[in-house]
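Written out below as structure tokens is the structure these notes cover.
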Amino acid sequence: MKSFSVVVKKKINKFDKTIFVEGDKSLSHRALLISSQGYGISKLRGLLESEDILNTINALKKLGVKIIKYKNIYHVYGNGLGSFKTKNNLTINAGNSGTLARLLMGLLTTYPHKIKIIGDKSLSKRPMERIITPLGKFGATFMPKNKKTLPCYMIGSEMPIAISHKEKIGSAQVKSSIILASLNTPGITKIKELKKSRDHTENMLKFIRAKIKIKKFKTYNLISIEGQKDFKAFNLNIPGDMSSAAFFIVLTLLTKHSIIKIKNINLNPTRTGIIIILKKMNAKIKLTNVKTKYGEKVGDIVVKSSILKSINCPASLVPSTIDEFTVLMIAAAKAKGTTTFSGLGELNKKESPRLNLMNSILNQVGIKTKLKRETIKIIGSPKINLNKSYTINSHFDHRVCMSVFVMCQIFGGQIKIKDFNSVATSFPSFLYLMKLLGAKYEIKK
């Protein structure tokens with residue numbers, strides 16, 4: 001997609017709408033990857049059709065998996081564990097997706113061919129050592145030696161060894177990659193999860209009755225996977241993405257006399273940290289019609305405009321909110337008092353150095369902050385009303401783009417957001433939905 005900018009010149013007016021956001025990105029990745037290992041034809045409804053997910057589909061097709069879209073349902077033809085068709089010097093392009101790169105490397109751990117994994121400029125800067133080290137314990141080899149980023153080559157093992165791993169980072173991608181590597185590895189692989197993270201992979205494998213067990217203790221979870229146990233194809237309806245809903249939640253809270261209902265959202269407890277944080281900030285948010293479907297909690301979110309107050313956000317909420325902090329910082333900038341967010345070091349290891357970048361953007365438009373390592377203090381300005389022109393460099397980060405777009409609707413001024421095309425990696429219908437609510441903007445190519 002060609003690069004373009006978005007220019008916002010006016011604040012949004014009040015609205016009262018019901019919307020659907022696109023399918024959950026985390027679930028879409030996992031549904032495709034896991035169904036590729038099942039026996040039979042899996043049917044996936046509501047799959048997110050973003051660039052990241054299309055890259056996952058293309059990667060699987062390159063590995064010999066037949067995937068067909070028919071009547072808005074994706075049919076994945078699985079041939080069981082170890083059924084990828086690989087060869088030496090095959091190249092897999094993960095694009096901008098860290099989830100695709102890391103999880104697919106897990107699945108490729110048992111294939112003894114030299115495979116090259118590449119990504120775009122942004123992904124090539126992101127840390128891969130966190131996954132290279134545990135996958136190496138299964139028997140996989142990575143080249144060049146000691147390289148910690150993409151591009152890299154990997155050679156899986158014909159005789160993989162089940163491992164025991166302590167997960168200290170709180171990374172769902174690392175945990176999921178190890179789980180996927182264990183599926184085609186003989187024996188029982190164990191993961192001691194010391195810092196909890198998203199559990200979509202575990203939920204999906206339990207739902208399809210794969211050989212996975214989770215024991216919950218006070219300070220950790222113990223995940224056990226019995227390898228080389230085949231599972232059948234499955235049908236899955238994918239709910240909306242909380243990370244996408246977050247932008248509309250914050251926009252509604254900060255727009256006077258407004259109400260929004262966001263239907264059919266994934267309400268997995270490892271994803272609802274933003275709801276907990278905003279409620280602590282005095283947000284009017286209700287969860288309705290909550291049910292458990294396909295191993296995940298799903299429901300509707302009703303939001304009303306609110307006067308937010310500052311908080312000292314517990315670091316324990318970071319793992320369940322990691323993708324939403326960019327827009328939470330916009331909420332904090334409009335709240336009364338000084339809000340403190342701690343433990344945000346992982347943000348600087350995303351598509352951009354998000355913590356540093358958002359701090360710089362807030363300063364650029366006149367919001368005072370104090371940034372020290374992994375902690376940011378944001379001094380709220382409830383009456384902020386910009387009347388100048390600004391150009392914001394998004395550093396090709398889709399979540400930064402969308403967060404700044406929300407900021408434009410609330411703060412006023414004339415703001416140009418560069419490289420807005422990056423939003424297509426996760427939320428192609430973002431601008432369409434914003435227009436539905438009454439947002440006005442111009443696209444500049």
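Each chain of the structure tokens is named A, B, ... in the order shown, its residues numbered from 1; ligands are numbered from 1 in display order.
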
Please report as a Markdown table every residue of range 298-362 of chain A lying within 8 Å of range 261-279 of chain A, along with the nearest atom pair and their distance in Å (one decimal), using only C-alpha atoms.
```
| residue | atom | partner | partner_atom | distance |
| --- | --- | --- | --- | --- |
| A:Val298 | CA | A:Asn266 | CA | 4.7 |
| A:Gly299 | CA | A:Asn264 | CA | 5.0 |
| A:Asp300 | CA | A:Lys263 | CA | 4.4 |
| A:Ile301 | CA | A:Ile262 | CA | 5.1 |
| A:Val302 | CA | A:Lys261 | CA | 4.5 |
| A:Val303 | CA | A:Lys261 | CA | 6.5 |
| A:Cys313 | CA | A:Ile277 | CA | 7.0 |
| A:Leu317 | CA | A:Gly273 | CA | 5.7 |
| A:Val318 | CA | A:Gly273 | CA | 7.4 |
| A:Pro319 | CA | A:Thr270 | CA | 7.4 |
| A:Ser320 | CA | A:Thr270 | CA | 4.7 |
| A:Thr321 | CA | A:Gly273 | CA | 4.8 |
| A:Glu324 | CA | A:Ile274 | CA | 6.7 |
| A:Leu328 | CA | A:Ile274 | CA | 7.6 |
```

Notebook entry, point to check: Within 7 Å of Ile259 in chain A, counting only C-alpha atoms, which residues qualify if same-chain residues fewer than 4 places away don't, as a PyMOL selection string?
Noted result: chain A and resi 15-17+252+303-305

Write the residues of the preceding selection, restricted to all heavy atoms, as an mmCIF file, in the first residue's frame.
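Saved the output as result.cif:
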```cif
data_model
loop_
_atom_site.group_PDB
_atom_site.id
_atom_site.type_symbol
_atom_site.label_atom_id
_atom_site.label_comp_id
_atom_site.auth_asym_id
_atom_site.auth_seq_id
_atom_site.Cartn_x
_atom_site.Cartn_y
_atom_site.Cartn_z
ATOM 1 N N PHE A 15 -22.165 11.989 19.365
ATOM 2 C CA PHE A 15 -22.716 10.883 18.588
ATOM 3 C C PHE A 15 -23.363 9.866 19.525
ATOM 4 O O PHE A 15 -23.068 9.802 20.724
ATOM 5 C CB PHE A 15 -21.630 10.210 17.737
ATOM 6 C CG PHE A 15 -20.403 9.803 18.516
ATOM 7 C CD1 PHE A 15 -20.353 8.596 19.198
ATOM 8 C CD2 PHE A 15 -19.290 10.634 18.565
ATOM 9 C CE1 PHE A 15 -19.233 8.214 19.913
ATOM 10 C CE2 PHE A 15 -18.157 10.266 19.284
ATOM 11 C CZ PHE A 15 -18.126 9.050 19.970
ATOM 12 N N ASP A 16 -24.253 9.073 18.962
ATOM 13 C CA ASP A 16 -24.917 7.978 19.669
ATOM 14 C C ASP A 16 -25.065 6.847 18.656
ATOM 15 O O ASP A 16 -25.972 6.836 17.835
ATOM 16 C CB ASP A 16 -26.292 8.436 20.190
ATOM 17 C CG ASP A 16 -26.986 7.367 21.034
ATOM 18 O OD1 ASP A 16 -26.565 6.200 20.980
ATOM 19 O OD2 ASP A 16 -27.964 7.697 21.723
ATOM 20 N N LYS A 17 -24.134 5.895 18.697
ATOM 21 C CA LYS A 17 -24.046 4.883 17.638
ATOM 22 C C LYS A 17 -23.813 3.481 18.202
ATOM 23 O O LYS A 17 -23.334 3.312 19.318
ATOM 24 C CB LYS A 17 -22.890 5.219 16.686
ATOM 25 C CG LYS A 17 -23.055 6.519 15.910
ATOM 26 C CD LYS A 17 -24.048 6.373 14.765
ATOM 27 C CE LYS A 17 -24.086 7.639 13.912
ATOM 28 N NZ LYS A 17 -25.024 7.503 12.779
ATOM 29 N N THR A 252 -15.216 8.141 22.816
ATOM 30 C CA THR A 252 -16.547 8.388 23.385
ATOM 31 C C THR A 252 -16.444 9.017 24.769
ATOM 32 O O THR A 252 -17.176 9.968 25.084
ATOM 33 C CB THR A 252 -17.346 7.076 23.466
ATOM 34 O OG1 THR A 252 -17.360 6.459 22.178
ATOM 35 C CG2 THR A 252 -18.777 7.333 23.921
ATOM 36 N N VAL A 303 -20.468 2.564 26.325
ATOM 37 C CA VAL A 303 -19.635 3.647 26.860
ATOM 38 C C VAL A 303 -20.382 4.969 26.765
ATOM 39 O O VAL A 303 -21.023 5.252 25.753
ATOM 40 C CB VAL A 303 -18.309 3.761 26.067
ATOM 41 C CG1 VAL A 303 -17.375 4.776 26.714
ATOM 42 C CG2 VAL A 303 -17.622 2.406 25.939
ATOM 43 N N LYS A 304 -20.296 5.767 27.832
ATOM 44 C CA LYS A 304 -20.874 7.123 27.842
ATOM 45 C C LYS A 304 -19.785 8.134 28.165
ATOM 46 O O LYS A 304 -18.851 7.834 28.912
ATOM 47 C CB LYS A 304 -22.004 7.211 28.875
ATOM 48 C CG LYS A 304 -23.204 6.327 28.556
ATOM 49 C CD LYS A 304 -24.304 6.495 29.606
ATOM 50 C CE LYS A 304 -25.503 5.612 29.281
ATOM 51 N NZ LYS A 304 -26.593 5.768 30.280
ATOM 52 N N SER A 305 -19.905 9.330 27.611
ATOM 53 C CA SER A 305 -18.912 10.371 27.868
ATOM 54 C C SER A 305 -18.777 10.610 29.369
ATOM 55 O O SER A 305 -19.752 10.552 30.114
ATOM 56 C CB SER A 305 -19.277 11.659 27.133
ATOM 57 O OG SER A 305 -20.608 12.034 27.414
#
```

Next item on the list: Can you check which residues of range 143-357 of chain A DSSP gives as strand (DSSP E) on the backbone and send them as a PyMOL selection string?
Entry: chain A and resi 143+152-155+164-167+188-193+212-216+221-226+235-237+259-266+284-293+296-304+312-313+338-341

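The gap separating CA of Gly106 in chain A from CA of Ile57 in chain A is 16.4 Å, in Å to one decimal.
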
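Neighbours of range 357-360 of chain A closer than or equal to 8 Å, with only C-alpha atoms counted and sequence neighbours fewer than 6 positions away skipped, come out as Thr326, Met329, Thr369, Leu371, Ile376 and Val400 of chain A.
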
Shell around Lys196 in chain A at 10 Å using only C-alpha atoms, local window under 5 positions removed, as a PDB file with N, CA and C atoms, in the first residue's frame:
```
ATOM      1  N   GLU A 167       8.780 -18.762  31.906  1.00  0.00           N
ATOM      2  CA  GLU A 167       8.417 -17.554  31.151  1.00  0.00           C
ATOM      3  C   GLU A 167       8.351 -16.362  32.103  1.00  0.00           C
ATOM      4  N   LYS A 168       9.365 -15.489  32.009  1.00  0.00           N
ATOM      5  CA  LYS A 168       9.493 -14.363  32.932  1.00  0.00           C
ATOM      6  C   LYS A 168       9.144 -13.029  32.296  1.00  0.00           C
ATOM      7  N   ILE A 169       9.055 -12.994  30.966  1.00  0.00           N
ATOM      8  CA  ILE A 169       8.853 -11.720  30.264  1.00  0.00           C
ATOM      9  C   ILE A 169       7.401 -11.258  30.324  1.00  0.00           C
ATOM     10  N   GLY A 170       6.479 -12.219  30.340  1.00  0.00           N
ATOM     11  CA  GLY A 170       5.064 -11.877  30.235  1.00  0.00           C
ATOM     12  C   GLY A 170       4.676 -11.685  28.781  1.00  0.00           C
ATOM     13  N   SER A 171       5.307 -12.468  27.889  1.00  0.00           N
ATOM     14  CA  SER A 171       5.060 -12.355  26.452  1.00  0.00           C
ATOM     15  C   SER A 171       4.200 -13.513  25.971  1.00  0.00           C
ATOM     16  N   ALA A 172       3.003 -13.205  25.485  1.00  0.00           N
ATOM     17  CA  ALA A 172       2.127 -14.237  24.926  1.00  0.00           C
ATOM     18  C   ALA A 172       2.729 -14.830  23.659  1.00  0.00           C
ATOM     19  N   LYS A 175       5.409 -17.438  24.788  1.00  0.00           N
ATOM     20  CA  LYS A 175       4.686 -18.593  25.339  1.00  0.00           C
ATOM     21  C   LYS A 175       4.014 -19.394  24.232  1.00  0.00           C
ATOM     22  N   THR A 219       1.163 -17.882  42.388  1.00  0.00           N
ATOM     23  CA  THR A 219       2.157 -16.989  41.782  1.00  0.00           C
ATOM     24  C   THR A 219       2.542 -17.361  40.354  1.00  0.00           C
ATOM     25  N   TYR A 220       1.991 -18.442  39.832  1.00  0.00           N
ATOM     26  CA  TYR A 220       2.340 -18.836  38.462  1.00  0.00           C
ATOM     27  C   TYR A 220       1.312 -19.826  37.910  1.00  0.00           C
ATOM     28  N   ASN A 221       1.356 -19.988  36.594  1.00  0.00           N
ATOM     29  CA  ASN A 221       0.589 -21.035  35.919  1.00  0.00           C
ATOM     30  C   ASN A 221       1.559 -22.089  35.405  1.00  0.00           C
ATOM     31  N   THR A 270      -7.475 -11.470  30.085  1.00  0.00           N
ATOM     32  CA  THR A 270      -6.110 -11.009  29.820  1.00  0.00           C
ATOM     33  C   THR A 270      -6.089  -9.844  28.832  1.00  0.00           C
ATOM     34  N   SER A 316       0.715  -4.162  37.617  1.00  0.00           N
ATOM     35  CA  SER A 316       0.141  -5.498  37.407  1.00  0.00           C
ATOM     36  C   SER A 316      -0.862  -5.526  36.254  1.00  0.00           C
ATOM     37  N   PRO A 319       0.355  -6.180  31.507  1.00  0.00           N
ATOM     38  CA  PRO A 319       0.252  -7.251  30.516  1.00  0.00           C
ATOM     39  C   PRO A 319      -1.114  -7.356  29.838  1.00  0.00           C
ATOM     40  N   SER A 320      -2.186  -7.007  30.552  1.00  0.00           N
ATOM     41  CA  SER A 320      -3.530  -7.113  29.979  1.00  0.00           C
ATOM     42  C   SER A 320      -3.960  -5.843  29.247  1.00  0.00           C
TER      43      SER A 320
END
```

Closest-contact table, range 106-168 of chain A side, partner range 75-87 of chain A, 9 Å, counting only C-alpha atoms, as a tab-separated table:
```
residue	atom	partner	partner_atom	distance
A:Leu107	CA	A:Gly82	CA	8.5
A:Leu108	CA	A:Phe84	CA	8.5
A:Thr110	CA	A:Gly82	CA	7.4
A:Tyr111	CA	A:Thr86	CA	7.3
A:Pro112	CA	A:Thr86	CA	8.6
A:His113	CA	A:Lys87	CA	5.6
A:Lys114	CA	A:Lys87	CA	7.2
A:Ile115	CA	A:Lys87	CA	7.5
```

Selection export as a compact mmCIF listing (two decimals), in the first residue's frame, atoms kept: all heavy atoms:
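Done, and the output landed in selection_24.txt:
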```txt
# COMPACT_ATOMS: atom_id res chain seq x y z
N LEU A 107 6.25 -23.31 15.07
CA LEU A 107 5.77 -24.44 14.28
C LEU A 107 6.86 -25.05 13.40
O LEU A 107 6.86 -26.25 13.13
CB LEU A 107 4.60 -24.01 13.39
CG LEU A 107 3.23 -23.81 14.08
CD1 LEU A 107 2.20 -23.34 13.06
CD2 LEU A 107 2.76 -25.09 14.76
N LEU A 108 7.82 -24.22 12.97
CA LEU A 108 8.88 -24.69 12.07
C LEU A 108 10.03 -25.37 12.81
O LEU A 108 10.98 -25.83 12.18
CB LEU A 108 9.41 -23.52 11.24
CG LEU A 108 8.45 -22.96 10.18
CD1 LEU A 108 9.00 -21.68 9.57
CD2 LEU A 108 8.16 -24.00 9.10
N THR A 110 10.36 -28.16 14.11
CA THR A 110 10.55 -29.60 13.86
C THR A 110 10.75 -29.91 12.37
O THR A 110 10.59 -31.06 11.95
CB THR A 110 9.35 -30.40 14.40
OG1 THR A 110 8.14 -29.92 13.80
CG2 THR A 110 9.24 -30.24 15.91
N TYR A 111 11.12 -28.90 11.57
CA TYR A 111 11.36 -29.11 10.14
C TYR A 111 12.84 -28.91 9.84
O TYR A 111 13.36 -27.80 9.98
CB TYR A 111 10.51 -28.14 9.30
CG TYR A 111 9.04 -28.45 9.36
CD1 TYR A 111 8.25 -27.99 10.43
CD2 TYR A 111 8.42 -29.22 8.39
CE1 TYR A 111 6.90 -28.29 10.50
CE2 TYR A 111 7.07 -29.52 8.44
CZ TYR A 111 6.32 -29.05 9.51
OH TYR A 111 4.98 -29.35 9.58
N PRO A 112 13.56 -29.96 9.39
CA PRO A 112 15.02 -29.90 9.24
C PRO A 112 15.49 -29.28 7.93
O PRO A 112 16.38 -29.80 7.26
CB PRO A 112 15.42 -31.37 9.33
CG PRO A 112 14.27 -32.11 8.74
CD PRO A 112 13.04 -31.33 9.13
N HIS A 113 14.89 -28.18 7.53
CA HIS A 113 15.33 -27.47 6.34
C HIS A 113 15.75 -26.05 6.73
O HIS A 113 15.29 -25.51 7.73
CB HIS A 113 14.20 -27.40 5.29
CG HIS A 113 13.93 -28.71 4.63
ND1 HIS A 113 12.76 -29.40 4.81
CD2 HIS A 113 14.69 -29.47 3.79
CE1 HIS A 113 12.79 -30.52 4.10
NE2 HIS A 113 13.95 -30.59 3.48
N LYS A 114 16.63 -25.48 5.93
CA LYS A 114 17.12 -24.12 6.18
C LYS A 114 16.11 -23.13 5.61
O LYS A 114 15.97 -22.99 4.39
CB LYS A 114 18.48 -23.94 5.51
CG LYS A 114 19.16 -22.61 5.85
CD LYS A 114 20.53 -22.54 5.18
CE LYS A 114 21.23 -21.22 5.51
NZ LYS A 114 22.56 -21.14 4.84
N ILE A 115 15.40 -22.46 6.50
CA ILE A 115 14.33 -21.55 6.11
C ILE A 115 14.67 -20.13 6.55
O ILE A 115 15.10 -19.91 7.68
CB ILE A 115 12.99 -22.00 6.73
CG1 ILE A 115 12.62 -23.40 6.21
CG2 ILE A 115 11.87 -21.01 6.41
CD1 ILE A 115 11.42 -24.02 6.89
```

Checklist line | Closest of A:Met242, A:Ile415, A:Thr91, A:Val423 to Glu442 in chain A - atom-to-atom distances counting only C-alpha atoms | finding: A:Ile415

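CA of Gly40 in chain A lies 25.5 Å from CA of Thr189 in chain A.
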
Notebook entry, point to check: Quick one: of A:Gly366, A:Pro186, A:Pro428, A:Pro314, who's nearest to Thr340 in chain A, counting only C-alpha atoms?
Noted result: A:Pro314

Compile the contact shell of Pro239 in chain A as a PDB file with C-alpha atoms, in the first residue's frame: residues with an atom at most 12 Å away, counting only C-alpha atoms, same-chain residues fewer than 4 positions apart removed.
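Dumped everything to around_2.pdb:
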```pdb
ATOM      1  CA  PHE A  20     -18.936  -3.634  15.180  1.00  0.00           C
ATOM      2  CA  VAL A  21     -15.144  -3.651  14.951  1.00  0.00           C
ATOM      3  CA  GLU A  22     -13.168  -6.195  12.951  1.00  0.00           C
ATOM      4  CA  GLY A  23     -12.107  -9.632  14.173  1.00  0.00           C
ATOM      5  CA  ASP A  24      -9.591 -10.093  16.956  1.00  0.00           C
ATOM      6  CA  LYS A  25      -6.079 -10.072  15.474  1.00  0.00           C
ATOM      7  CA  SER A  26      -4.553 -12.385  18.097  1.00  0.00           C
ATOM      8  CA  LEU A  27      -7.304 -14.959  17.579  1.00  0.00           C
ATOM      9  CA  SER A  28      -7.121 -14.642  13.781  1.00  0.00           C
ATOM     10  CA  LEU A  44     -13.145 -19.634  10.342  1.00  0.00           C
ATOM     11  CA  ARG A  45     -15.756 -16.855  10.433  1.00  0.00           C
ATOM     12  CA  GLY A  46     -15.048 -13.222  11.273  1.00  0.00           C
ATOM     13  CA  LEU A  47     -11.351 -13.495  10.435  1.00  0.00           C
ATOM     14  CA  LEU A  48      -9.590 -10.125  10.440  1.00  0.00           C
ATOM     15  CA  SER A 243      -7.417  -3.373  20.933  1.00  0.00           C
ATOM     16  CA  SER A 244      -9.494  -1.938  18.076  1.00  0.00           C
ATOM     17  CA  ALA A 245     -12.464  -1.129  20.308  1.00  0.00           C
ATOM     18  CA  ILE A 262     -19.519  -1.840  20.514  1.00  0.00           C
ATOM     19  CA  LYS A 263     -20.922  -5.288  19.847  1.00  0.00           C
ATOM     20  CA  ASN A 264     -19.420  -8.782  20.041  1.00  0.00           C
ATOM     21  CA  ILE A 265     -16.004  -7.978  21.539  1.00  0.00           C
ATOM     22  CA  ASN A 266     -13.488 -10.473  22.926  1.00  0.00           C
ATOM     23  CA  LEU A 267     -13.622  -9.912  26.715  1.00  0.00           C
ATOM     24  CA  ASN A 268     -10.908 -12.380  27.692  1.00  0.00           C
ATOM     25  CA  LYS A 291     -21.179 -15.169  27.259  1.00  0.00           C
ATOM     26  CA  THR A 292     -18.448 -17.783  26.823  1.00  0.00           C
ATOM     27  CA  LYS A 293     -17.976 -18.884  23.223  1.00  0.00           C
ATOM     28  CA  TYR A 294     -15.239 -21.088  21.794  1.00  0.00           C
ATOM     29  CA  GLY A 295     -13.277 -20.826  25.037  1.00  0.00           C
ATOM     30  CA  GLU A 296     -13.362 -17.004  25.162  1.00  0.00           C
ATOM     31  CA  LYS A 297     -15.595 -14.503  26.954  1.00  0.00           C
ATOM     32  CA  VAL A 298     -17.513 -12.369  24.476  1.00  0.00           C
ATOM     33  CA  GLY A 299     -19.909  -9.458  24.985  1.00  0.00           C
ATOM     34  CA  ASP A 300     -20.930  -5.885  24.189  1.00  0.00           C
TER      35      ASP A 300
END
```

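Using only C-alpha atoms, the protein and nucleic acid residues lying no more than 8 Å from Glu129 in chain A, apart from those fewer than 2 places from it along its own chain, are Pro127, Ile131, Ile132, Thr133, Lys147, Lys148 and Thr149 of chain A.
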
Would you save the residues from that selection as a compact mmCIF listing (two decimals), in the first residue's frame, using C-alpha atoms?
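Saved to out32.txt:
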```txt
# COMPACT_ATOMS: atom_id res chain seq x y z
CA PRO A 127 13.94 -8.53 19.53
CA ILE A 131 12.25 -16.79 21.08
CA ILE A 132 15.52 -18.01 19.54
CA THR A 133 16.83 -19.14 22.95
CA LYS A 147 22.03 -12.52 15.59
CA LYS A 148 19.08 -11.27 17.64
CA THR A 149 16.84 -9.77 14.94
```

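Using only C-alpha atoms, the smallest distance between any of A:Leu251, A:Ala246, A:Ala439, A:Ala283 and Lys11 in chain A comes from A:Ala439.
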
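Nearest residue to Lys211 in chain A among A:Ile188, A:Leu194, A:Ile417, A:Val7 is A:Ile188, counting only C-alpha atoms.
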
Check: Any idea what's packed within 9 Å of Val6 in chain A, counting only C-alpha atoms, ignoring anything in its chain fewer than 4 positions away? Could you give it as a VMD selection string?
Finding: chain A and resid 405 415 to 420 441 to 445
